[in-house]
$ cat input.pdb   # PDB, C-alpha atoms
MODEL        1
ATOM      1  CA  MET A  23     149.541  72.005 108.122
ATOM      2  CA  ASN A  24     148.182  68.510 107.541
ATOM      3  CA  GLU A  25     147.170  68.224 111.198
ATOM      4  CA  GLU A  26     145.374  71.601 111.052
ATOM      5  CA  LYS A  27     143.593  70.529 107.849
ATOM      6  CA  LYS A  28     142.475  67.262 109.437
ATOM      7  CA  HIS A  29     141.334  69.146 112.534
ATOM      8  CA  ASP A  30     139.264  71.551 110.372
ATOM      9  CA  GLU A  31     137.743  68.631 108.492
ATOM     10  CA  ILE A  32     136.798  66.933 111.789
ATOM     11  CA  ASP A  33     135.218  70.202 113.032
ATOM     12  CA  LEU A  34     133.152  70.460 109.822
ATOM     13  CA  ILE A  35     132.023  66.842 110.121
ATOM     14  CA  ASP A  36     130.994  67.447 113.753
ATOM     15  CA  LEU A  37     129.140  70.606 112.734
ATOM     16  CA  PHE A  38     127.203  68.776 110.008
ATOM     17  CA  LYS A  39     126.395  65.966 112.425
ATOM     18  CA  LYS A  40     125.048  68.444 114.966
ATOM     19  CA  LEU A  41     122.994  70.190 112.281
ATOM     20  CA  GLY A  42     121.671  66.832 111.121
ATOM     21  CA  ASN A  43     120.715  65.877 114.665
ATOM     22  CA  MET A  44     118.976  69.234 115.202
ATOM     23  CA  ILE A  45     116.962  68.849 111.982
ATOM     24  CA  LYS A  46     116.118  65.260 112.930
ATOM     25  CA  LYS A  47     114.939  66.336 116.407
ATOM     26  CA  PHE A  48     112.911  69.162 114.899
ATOM     27  CA  PHE A  49     110.996  66.882 112.529
ATOM     28  CA  LEU A  50     110.595  64.224 115.221
ATOM     29  CA  GLY A  51     109.157  66.947 117.490
ATOM     30  CA  ILE A  52     106.730  68.061 114.756
ATOM     31  CA  GLY A  53     105.697  64.447 114.182
ATOM     32  CA  LYS A  54     105.172  63.944 117.903
ATOM     33  CA  LEU A  55     103.009  67.069 118.145
ATOM     34  CA  ILE A  56     100.885  65.900 115.190
ATOM     35  CA  SER A  57     100.433  62.433 116.720
ATOM     36  CA  LEU A  58      99.506  63.976 120.111
ATOM     37  CA  PHE A  59      97.006  66.238 118.389
ATOM     38  CA  PHE A  60      95.355  63.302 116.600
ATOM     39  CA  LEU A  61      95.249  61.311 119.845
ATOM     40  CA  PHE A  62      93.634  64.344 121.499
ATOM     41  CA  LEU A  63      91.004  64.477 118.717
ATOM     42  CA  ILE A  64      90.297  60.758 119.154
ATOM     43  CA  ARG A  65      89.901  61.104 122.933
ATOM     44  CA  HIS A  66      87.406  63.931 122.513
ATOM     45  CA  ALA A  67      85.869  62.810 119.210
ATOM     46  CA  VAL A  68      82.355  62.656 120.652
ATOM     47  CA  LEU A  69      82.511  66.179 122.111
ATOM     48  CA  ILE A  70      84.148  67.765 119.056
ATOM     49  CA  SER A  71      81.915  66.025 116.486
ATOM     50  CA  SER A  72      78.806  66.905 118.525
ATOM     51  CA  LEU A  73      79.767  70.591 118.666
ATOM     52  CA  ILE A  74      80.585  70.633 114.940
ATOM     53  CA  PHE A  75      77.199  69.033 114.181
ATOM     54  CA  ILE A  76      75.375  71.602 116.335
ATOM     55  CA  ALA A  77      77.355  74.429 114.692
ATOM     56  CA  LEU A  78      76.422  73.134 111.215
ATOM     57  CA  ILE A  79      72.737  73.121 112.188
ATOM     58  CA  ILE A  80      73.075  76.717 113.449
ATOM     59  CA  GLY A  81      74.811  77.638 110.171
ATOM     60  CA  PHE A  82      71.990  76.090 108.142
ATOM     61  CA  ILE A  83      69.348  77.937 110.211
ATOM     62  CA  LYS A  84      71.315  81.194 109.761
ATOM     63  CA  TYR A  85      71.454  80.596 105.992
ATOM     64  CA  LYS A  86      67.706  79.986 105.774
ATOM     65  CA  SER A  87      66.828  82.976 107.977
ATOM     66  CA  THR A  88      69.157  85.478 106.292
ATOM     67  CA  PRO A  89      67.787  87.217 103.170
ATOM     68  CA  THR A  90      69.655  86.069 100.080
ATOM     69  CA  SER A  91      71.879  88.837  98.760
ATOM     70  CA  TYR A  92      73.229  89.074  95.237
ATOM     71  CA  ILE A  93      76.435  90.718  94.165
ATOM     72  CA  SER A  94      77.872  92.121  90.957
ATOM     73  CA  SER A  95      80.335  94.810  89.964
ATOM     74  CA  PHE A  96      81.461  96.953  87.064
ATOM     75  CA  GLU A  97      84.731  98.630  86.146
ATOM     76  CA  ALA A  98      84.751 102.208  84.888
ATOM     77  CA  HIS A  99      87.001 105.062  83.784
ATOM     78  CA  SER A 100      86.857 108.321  85.707
ATOM     79  CA  ASN A 101      87.246 110.953  82.992
ATOM     80  CA  ALA A 102      86.469 114.204  84.809
ATOM     81  CA  LEU A 103      88.370 113.650  88.066
ATOM     82  CA  PRO A 104      91.138 111.394  89.415
ATOM     83  CA  SER A 105      89.717 107.995  90.353
ATOM     84  CA  LEU A 106      90.173 108.565  94.105
ATOM     85  CA  GLU A 107      87.922 111.640  94.017
ATOM     86  CA  THR A 108      85.234 109.786  92.071
ATOM     87  CA  ILE A 109      85.463 106.854  94.513
ATOM     88  CA  ARG A 110      84.971 109.200  97.466
ATOM     89  CA  TYR A 111      81.980 110.805  95.746
ATOM     90  CA  ILE A 112      80.295 107.451  95.004
ATOM     91  CA  ASN A 113      81.015 106.216  98.527
ATOM     92  CA  ASN A 114      78.744 108.935  99.879
ATOM     93  CA  ILE A 115      76.024 106.512  98.727
ATOM     94  CA  HIS A 116      77.777 103.671 100.583
ATOM     95  CA  GLN A 117      77.704 105.732 103.775
ATOM     96  CA  ASP A 118      73.984 106.435 103.334
ATOM     97  CA  PHE A 119      73.288 102.702 102.983
ATOM     98  CA  LYS A 120      75.281 101.996 106.165
ATOM     99  CA  GLU A 121      73.185 104.579 108.019
ATOM    100  CA  ARG A 122      69.957 103.512 106.240
ATOM    101  CA  ASN A 123      69.474 107.133 105.240
ATOM    102  CA  TYR A 124      66.808 106.453 102.608
ATOM    103  CA  GLN A 125      65.752 110.081 102.381
ATOM    104  CA  GLN A 126      69.181 111.092 101.104
ATOM    105  CA  LEU A 127      69.349 108.042  98.846
ATOM    106  CA  GLU A 128      66.007 108.902  97.238
ATOM    107  CA  THR A 129      67.446 112.273  96.213
ATOM    108  CA  LYS A 130      70.802 110.913  95.051
ATOM    109  CA  LEU A 131      69.628 107.851  93.136
ATOM    110  CA  GLU A 132      66.111 109.058  92.231
ATOM    111  CA  LEU A 133      64.561 105.816  93.464
ATOM    112  CA  ASP A 134      61.721 105.444  95.961
ATOM    113  CA  SER A 135      62.334 103.962  99.424
ATOM    114  CA  LEU A 136      60.616 100.658  98.579
ATOM    115  CA  TYR A 137      62.994 100.142  95.661
ATOM    116  CA  LEU A 138      65.999 101.234  97.749
ATOM    117  CA  ARG A 139      65.225  98.555 100.344
ATOM    118  CA  LYS A 140      65.951  95.974  97.654
ATOM    119  CA  ILE A 141      69.549  97.254  97.635
ATOM    120  CA  LYS A 142      71.946  96.081 100.335
ATOM    121  CA  ASP A 143      74.938  98.279  99.512
ATOM    122  CA  ILE A 144      76.852 100.171  96.837
ATOM    123  CA  GLN A 145      80.568 100.768  97.234
ATOM    124  CA  ALA A 146      83.447 101.916  95.022
ATOM    125  CA  TYR A 147      86.971 100.503  95.262
ATOM    126  CA  LYS A 148      90.463 101.414  94.105
ATOM    127  CA  VAL A 149      92.061  99.607  91.171
ATOM    128  CA  ILE A 150      95.723  98.614  91.479
ATOM    129  CA  ASP A 151      97.719  98.771  88.254
ATOM    130  CA  LEU A 152     101.083  97.273  89.220
ATOM    131  CA  ASN A 153     102.695  97.627  85.789
ATOM    132  CA  LYS A 154     101.020 100.963  84.944
ATOM    133  CA  ASP A 155      99.831  99.507  81.651
ATOM    134  CA  GLY A 156      96.168 100.478  82.045
ATOM    135  CA  VAL A 157      95.154  96.922  82.972
ATOM    136  CA  THR A 158      93.580  96.048  86.346
ATOM    137  CA  ASP A 159      95.844  93.775  88.398
ATOM    138  CA  ILE A 160      94.142  93.962  91.821
ATOM    139  CA  ILE A 161      90.857  95.376  93.111
ATOM    140  CA  ASP A 162      91.468  96.806  96.585
ATOM    141  CA  TYR A 163      88.388  95.371  98.311
ATOM    142  CA  ASP A 164      90.188  95.425 101.695
ATOM    143  CA  ASN A 165      91.333  99.050 101.344
ATOM    144  CA  SER A 166      94.865  97.854 102.100
ATOM    145  CA  TYR A 167      96.613 100.227  99.672
ATOM    146  CA  PRO A 168      97.111 103.804 100.970
ATOM    147  CA  SER A 169      95.894 106.643  98.769
ATOM    148  CA  SER A 170      99.502 107.764  98.250
ATOM    149  CA  ASP A 171     100.451 104.444  96.613
ATOM    150  CA  THR A 172     101.675 105.132  93.079
ATOM    151  CA  THR A 173     100.260 101.835  91.762
ATOM    152  CA  ILE A 174      96.671 103.069  92.223
ATOM    153  CA  SER A 175      95.150 103.719  88.810
ATOM    154  CA  ARG A 176      94.412 107.409  88.203
ATOM    155  CA  SER A 177      91.390 106.669  86.040
ATOM    156  CA  LEU A 178      90.098 103.131  86.704
ATOM    157  CA  PHE A 179      87.866 102.155  89.615
ATOM    158  CA  VAL A 180      85.357  99.405  90.462
ATOM    159  CA  VAL A 181      81.826  99.703  91.851
ATOM    160  CA  GLN A 182      80.318  96.728  93.682
ATOM    161  CA  VAL A 183      76.533  96.443  93.937
ATOM    162  CA  LYS A 184      74.779  94.169  96.467
ATOM    163  CA  THR A 185      71.026  93.596  96.215
ATOM    164  CA  TYR A 186      68.290  91.452  97.755
ATOM    165  CA  LYS A 187      66.630  90.941  94.378
ATOM    166  CA  THR A 188      67.801  89.922  90.918
ATOM    167  CA  GLY A 189      66.968  91.825  87.747
ATOM    168  CA  ILE A 190      67.628  95.308  89.127
ATOM    169  CA  TYR A 191      71.406  95.530  88.636
ATOM    170  CA  ASP A 192      71.283  97.421  85.318
ATOM    171  CA  THR A 193      68.853  99.994  86.714
ATOM    172  CA  ILE A 194      71.098 100.619  89.717
ATOM    173  CA  LYS A 195      74.158 100.929  87.472
ATOM    174  CA  ASP A 196      72.376 103.576  85.387
ATOM    175  CA  ARG A 197      71.359 105.461  88.545
ATOM    176  CA  ILE A 198      74.967 105.490  89.778
ATOM    177  CA  ILE A 199      76.107 106.945  86.458
ATOM    178  CA  ASP A 200      73.343 109.566  86.604
ATOM    179  CA  TYR A 201      74.315 110.436  90.185
ATOM    180  CA  VAL A 202      77.894 111.143  89.087
ATOM    181  CA  ASN A 203      76.869 112.952  85.907
ATOM    182  CA  LYS A 204      74.563 115.431  87.650
ATOM    183  CA  SER A 205      77.251 116.759  90.009
ATOM    184  CA  GLU A 206      77.896 120.388  89.027
ATOM    185  CA  TYR A 207      81.547 120.155  90.055
ATOM    186  CA  ILE A 208      82.089 117.032  87.935
ATOM    187  CA  LYS A 209      80.182 118.535  84.987
ATOM    188  CA  GLU A 210      82.400 121.620  85.068
ATOM    189  CA  ASN A 211      85.535 119.501  85.153
ATOM    190  CA  ILE A 212      84.500 117.285  82.234
ATOM    191  CA  SER A 213      83.469 120.360  80.239
ATOM    192  CA  ILE A 214      86.891 121.966  80.790
ATOM    193  CA  ARG A 215      88.662 118.712  79.995
ATOM    194  CA  ASN A 216      86.723 118.195  76.736
ATOM    195  CA  GLN A 217      87.312 121.801  75.695
ATOM    196  CA  GLN A 218      91.032 121.368  76.276
ATOM    197  CA  LEU A 219      91.045 118.192  74.170
ATOM    198  CA  LYS A 220      89.251 120.040  71.343
ATOM    199  CA  GLU A 221      91.807 122.848  71.518
ATOM    200  CA  LEU A 222      94.668 120.351  71.471
ATOM    201  CA  THR A 223      93.108 118.595  68.467
ATOM    202  CA  SER A 224      92.769 121.931  66.657
ATOM    203  CA  LYS A 225      96.384 122.798  67.476
ATOM    204  CA  VAL A 226      97.611 119.445  66.196
ATOM    205  CA  ASN A 227      95.647 119.969  62.961
ATOM    206  CA  GLU A 228      97.431 123.310  62.532
ATOM    207  CA  GLU A 229     100.794 121.621  63.138
ATOM    208  CA  ILE A 230     100.008 118.876  60.598
ATOM    209  CA  SER A 231      99.006 121.500  58.035
ATOM    210  CA  TYR A 232     102.191 123.447  58.742
ATOM    211  CA  MET A 233     104.386 120.337  58.403
ATOM    212  CA  ASP A 234     102.729 119.425  55.105
ATOM    213  CA  SER A 235     103.302 122.947  53.799
ATOM    214  CA  LEU A 236     106.911 122.912  54.969
ATOM    215  CA  ARG A 237     107.561 119.595  53.266
ATOM    216  CA  LYS A 238     106.052 120.832  49.981
ATOM    217  CA  THR A 239     108.034 124.081  50.153
ATOM    218  CA  GLU A 240     111.263 122.156  50.735
ATOM    219  CA  TYR A 241     110.458 119.811  47.872
ATOM    220  CA  PHE A 242     109.776 122.554  45.324
ATOM    221  CA  SER A 243     112.702 124.664  46.543
ATOM    222  CA  LYS A 244     115.078 121.821  45.787
ATOM    223  CA  GLU A 245     113.362 121.109  42.487
ATOM    224  CA  ASP A 246     113.898 124.719  41.313
ATOM    225  CA  LYS A 247     117.613 124.424  42.016
ATOM    226  CA  LEU A 248     117.990 121.667  39.431
ATOM    227  CA  LYS A 249     119.678 122.841  36.219
ATOM    228  CA  PRO A 250     117.555 122.124  33.161
ATOM    229  CA  GLY A 251     118.902 119.721  30.584
ATOM    230  CA  GLN A 252     121.233 117.857  32.904
ATOM    231  CA  GLY A 253     118.840 114.950  33.427
ATOM    232  CA  GLN A 254     119.342 115.113  37.167
ATOM    233  CA  LEU A 255     116.940 113.211  39.397
ATOM    234  CA  LEU A 256     115.582 114.929  42.513
ATOM    235  CA  ILE A 257     116.892 113.189  45.597
ATOM    236  CA  MET A 258     115.885 114.837  48.869
ATOM    237  CA  ASN A 259     118.090 114.499  51.910
ATOM    238  CA  GLU A 260     117.141 111.129  53.418
ATOM    239  CA  LYS A 261     117.420 112.353  57.022
ATOM    240  CA  GLU A 262     115.200 115.375  56.347
ATOM    241  CA  THR A 263     112.599 113.225  54.613
ATOM    242  CA  GLN A 264     112.552 110.760  57.489
ATOM    243  CA  LEU A 265     112.283 113.603  60.020
ATOM    244  CA  TYR A 266     109.216 115.043  58.271
ATOM    245  CA  HIS A 267     107.688 111.600  58.033
ATOM    246  CA  ASP A 268     108.229 110.784  61.745
ATOM    247  CA  ASN A 269     106.974 114.177  62.936
ATOM    248  CA  ILE A 270     103.795 113.973  60.894
ATOM    249  CA  LEU A 271     103.116 110.399  62.061
ATOM    250  CA  THR A 272     103.561 111.512  65.689
ATOM    251  CA  LEU A 273     101.120 114.362  65.179
ATOM    252  CA  TYR A 274      98.552 112.039  63.574
ATOM    253  CA  GLU A 275      98.862 109.646  66.554
ATOM    254  CA  LYS A 276      98.328 112.552  68.976
ATOM    255  CA  ARG A 277      95.247 113.681  67.083
ATOM    256  CA  GLN A 278      93.805 110.170  67.040
ATOM    257  CA  ASN A 279      94.412 109.867  70.797
ATOM    258  CA  TYR A 280      92.605 113.158  71.504
ATOM    259  CA  GLU A 281      89.701 112.206  69.233
ATOM    260  CA  ARG A 282      89.435 108.761  70.818
ATOM    261  CA  ARG A 283      89.310 110.268  74.303
ATOM    262  CA  LEU A 284      86.613 112.714  73.229
ATOM    263  CA  GLU A 285      84.563 110.057  71.452
ATOM    264  CA  LEU A 286      84.842 107.165  73.891
ATOM    265  CA  ARG A 287      85.428 108.985  77.189
ATOM    266  CA  GLY A 288      83.606 112.272  76.768
ATOM    267  CA  GLU A 289      81.279 111.669  79.737
ATOM    268  CA  PRO A 290      82.282 112.024  83.432
ATOM    269  CA  ILE A 291      82.565 108.249  83.784
ATOM    270  CA  THR A 292      82.659 105.509  81.153
ATOM    271  CA  ILE A 293      81.749 101.897  81.874
ATOM    272  CA  LYS A 294      84.639  99.681  80.806
ATOM    273  CA  GLN A 295      83.054  96.303  81.524
ATOM    274  CA  ASP A 296      80.861  94.295  83.875
ATOM    275  CA  LEU A 297      83.309  92.268  85.941
ATOM    276  CA  THR A 298      80.926  89.590  87.159
ATOM    277  CA  GLU A 299      77.474  88.296  86.455
ATOM    278  CA  VAL A 300      74.958  88.659  89.265
ATOM    279  CA  SER A 301      75.687  85.880  91.779
ATOM    280  CA  VAL A 302      74.767  84.934  95.345
ATOM    281  CA  GLU A 303      76.960  86.761  97.856
ATOM    282  CA  TYR A 304      76.909  84.069 100.575
ATOM    283  CA  ASP A 305      75.778  80.546  99.669
ATOM    284  CA  LEU A 306      75.030  77.567 101.938
ATOM    285  CA  PHE A 307      78.621  76.311 101.718
ATOM    286  CA  TYR A 308      79.891  79.654 103.118
ATOM    287  CA  TYR A 309      77.684  79.344 106.229
ATOM    288  CA  LEU A 310      78.485  75.659 106.774
ATOM    289  CA  LYS A 311      82.214  76.303 106.443
ATOM    290  CA  LYS A 312      82.100  79.324 108.768
ATOM    291  CA  TYR A 313      80.028  77.704 111.522
ATOM    292  CA  GLY A 314      81.638  74.270 111.124
ATOM    293  CA  LEU A 315      85.083  75.797 111.700
ATOM    294  CA  ALA A 316      83.731  77.657 114.747
ATOM    295  CA  GLY A 317      82.354  74.353 116.105
ATOM    296  CA  LEU A 318      85.750  72.679 115.624
ATOM    297  CA  ILE A 319      87.575  75.478 117.488
ATOM    298  CA  VAL A 320      85.057  75.450 120.366
ATOM    299  CA  GLY A 321      85.328  71.631 120.534
ATOM    300  CA  ILE A 322      89.137  71.756 120.752
ATOM    301  CA  PHE A 323      89.025  74.379 123.511
ATOM    302  CA  GLY A 324      86.380  72.328 125.304
ATOM    303  CA  GLY A 325      88.588  69.242 125.141
ATOM    304  CA  LEU A 326      91.574  71.211 126.474
ATOM    305  CA  ILE A 327      89.472  72.491 129.391
ATOM    306  CA  ILE A 328      88.262  68.965 130.231
ATOM    307  CA  GLU A 329      91.790  67.523 130.154
ATOM    308  CA  ASN A 330      93.167  70.329 132.301
ATOM    309  CA  PHE A 331      90.125  70.810 134.508
ATOM    310  CA  LYS A 332      91.856  69.710 137.721
ATOM    311  CA  ARG A 333      94.868  71.901 137.031
ATOM    312  CA  ILE A 334      92.646  74.906 136.212
ATOM    313  CA  LYS A 335      90.578  74.291 139.373
ATOM    314  CA  THR A 336      93.711  74.105 141.518
ATOM    315  CA  THR A 337      95.100  77.297 139.960
ATOM    316  CA  ILE A 338      91.851  79.207 140.587
ATOM    317  CA  HIS A 339      91.644  77.859 144.167
ATOM    318  CA  SER A 340      95.252  78.923 144.858
ATOM    319  CA  ALA A 341      94.634  82.398 143.408
ATOM    320  CA  ARG A 342      91.582  82.932 145.668
ATOM    321  CA  HIS A 343      93.466  82.003 148.849
ATOM    322  CA  LYS A 344      96.527  84.145 148.253
TER     323      LYS A 344
ENDMDL
END
$ encode --input "input.pdb" --output "structure tokens"
Amino acid sequence: MNEEKKHDEIDLIDLFKKLGNMIKKFFLGIGKLISLFFLFLIRHAVLISSLIFIALIIGFIKYKSTPTSYISSFEAHSNALPSLETIRYINNIHQDFKERNYQQLETKLELDSLYLRKIKDIQAYKVIDLNKDGVTDIIDYDNSYPSSDTTISRSLFVVQVKTYKTGIYDTIKDRIIDYVNKSEYIKENISIRNQQLKELTSKVNEEISYMDSLRKTEYFSKEDKLKPGQGQLLIMNEKETQLYHDNILTLYEKRQNYERRLELRGEPITIKQDLTEVSVEYDLFYYLKKYGLAGLIVGIFGGLIIENFKRIKTTIHSARHK
């Protein structure tokens, strides 16, 4: 037994040594690759830095020649329809901007073509509510969440507005709201929804009145059962009293919820908040970073081609004479 135990211990020690050697070789290999890469950069520093410099100049020229675009967005509640339907409806405008269909846009947004040319794009996006608490967790700008995803908010959505001019954001926001509000289908849906809320409020009022009457009837019924002259105090059943109290409170909360929805969200869509102030969509740093990175990549590939030029030439020559 002792010999077997010692043998097992030796095997474990050997295993740990091998693992240690493997880890050591791995990190030494990584270090070697990093040092080779830096040596490669040093050997081709002139080429790479020249290409990066040229790329930065191109980026600067692109920045100066591209019209400055401004971006802002607002978050809203869709009250008449599920948010996905409202998003699809608003994105009809987005499609028109992609196709530069200004004739359709004039009708939809009630703006002339000269004004519309100050707008780059309008697009609506899904809101992801991971905890289902009515608070926006993620805005799905990449459209990476499928429509069947249960974390998509049923009422919240975001509209992003891109323009070539400042000071017109509020006007565009109003036109988007008007565009949604004038849809006959959406108007019918919000009308039905509001009527249903009014009916529910009326029904809750009837229930509250009934519960109050029931409580009073129970109170006086018990009071009449008291024998005169005995000096008895009226003590209602504590559970019954609590039940009435809880039921009436629940009904009041329901009524307040219906009234709040009618008062604050009685229109097809309700603006919740502006998410961002109007800001530049792509600044100089964006262009320099984009083109500078491209210059670095081209420089590295150029250096690799130079170092392996003879090998590449031989390979091509061999392939031609096969």
$ closest_residue --input "input.pdb" --among "A:Val226, A:Leu297, A:Leu219, A:Val149" --to "Thr272 in chain A" --atoms "all atoms listed in the file"
A:Val226
$ atom_distance --input "input.pdb" --atom1 "CA of Leu178 in chain A" --atom2 "CA of Gln295 in chain A"
11.1 Å
$ closest_residue --input "input.pdb" --among "A:Leu271, A:Leu138, A:Ile79, A:Ser235" --to "Arg122 in chain A" --atoms "all atoms listed in the file"
A:Leu138
$ closest_residue --input "input.pdb" --among "A:Gln217, A:His116, A:Leu50, A:Leu69" --to "Ile319 in chain A" --atoms "only C-alpha atoms"
A:Leu69
$ closest_residue --input "input.pdb" --among "A:Asn113, A:Thr108, A:Ser170, A:Ser231" --to "Tyr207 in chain A" --atoms "all atoms listed in the file"
A:Thr108
$ resolve_selection --input "input.pdb" --expression "the PyMOL selection byres ((chain A and resi 162) around 8)" --output "list in words"
Tyr147, Lys148, Val149, Ile150, Ile160, Ile161, Tyr163, Asp164, Asn165, Ser166 and Tyr167 of chain A
$ closest_residue --input "input.pdb" --among "A:Gly317, A:Phe82, A:Leu106, A:Leu63" --to "Val180 in chain A" --atoms "all atoms listed in the file"
A:Leu106
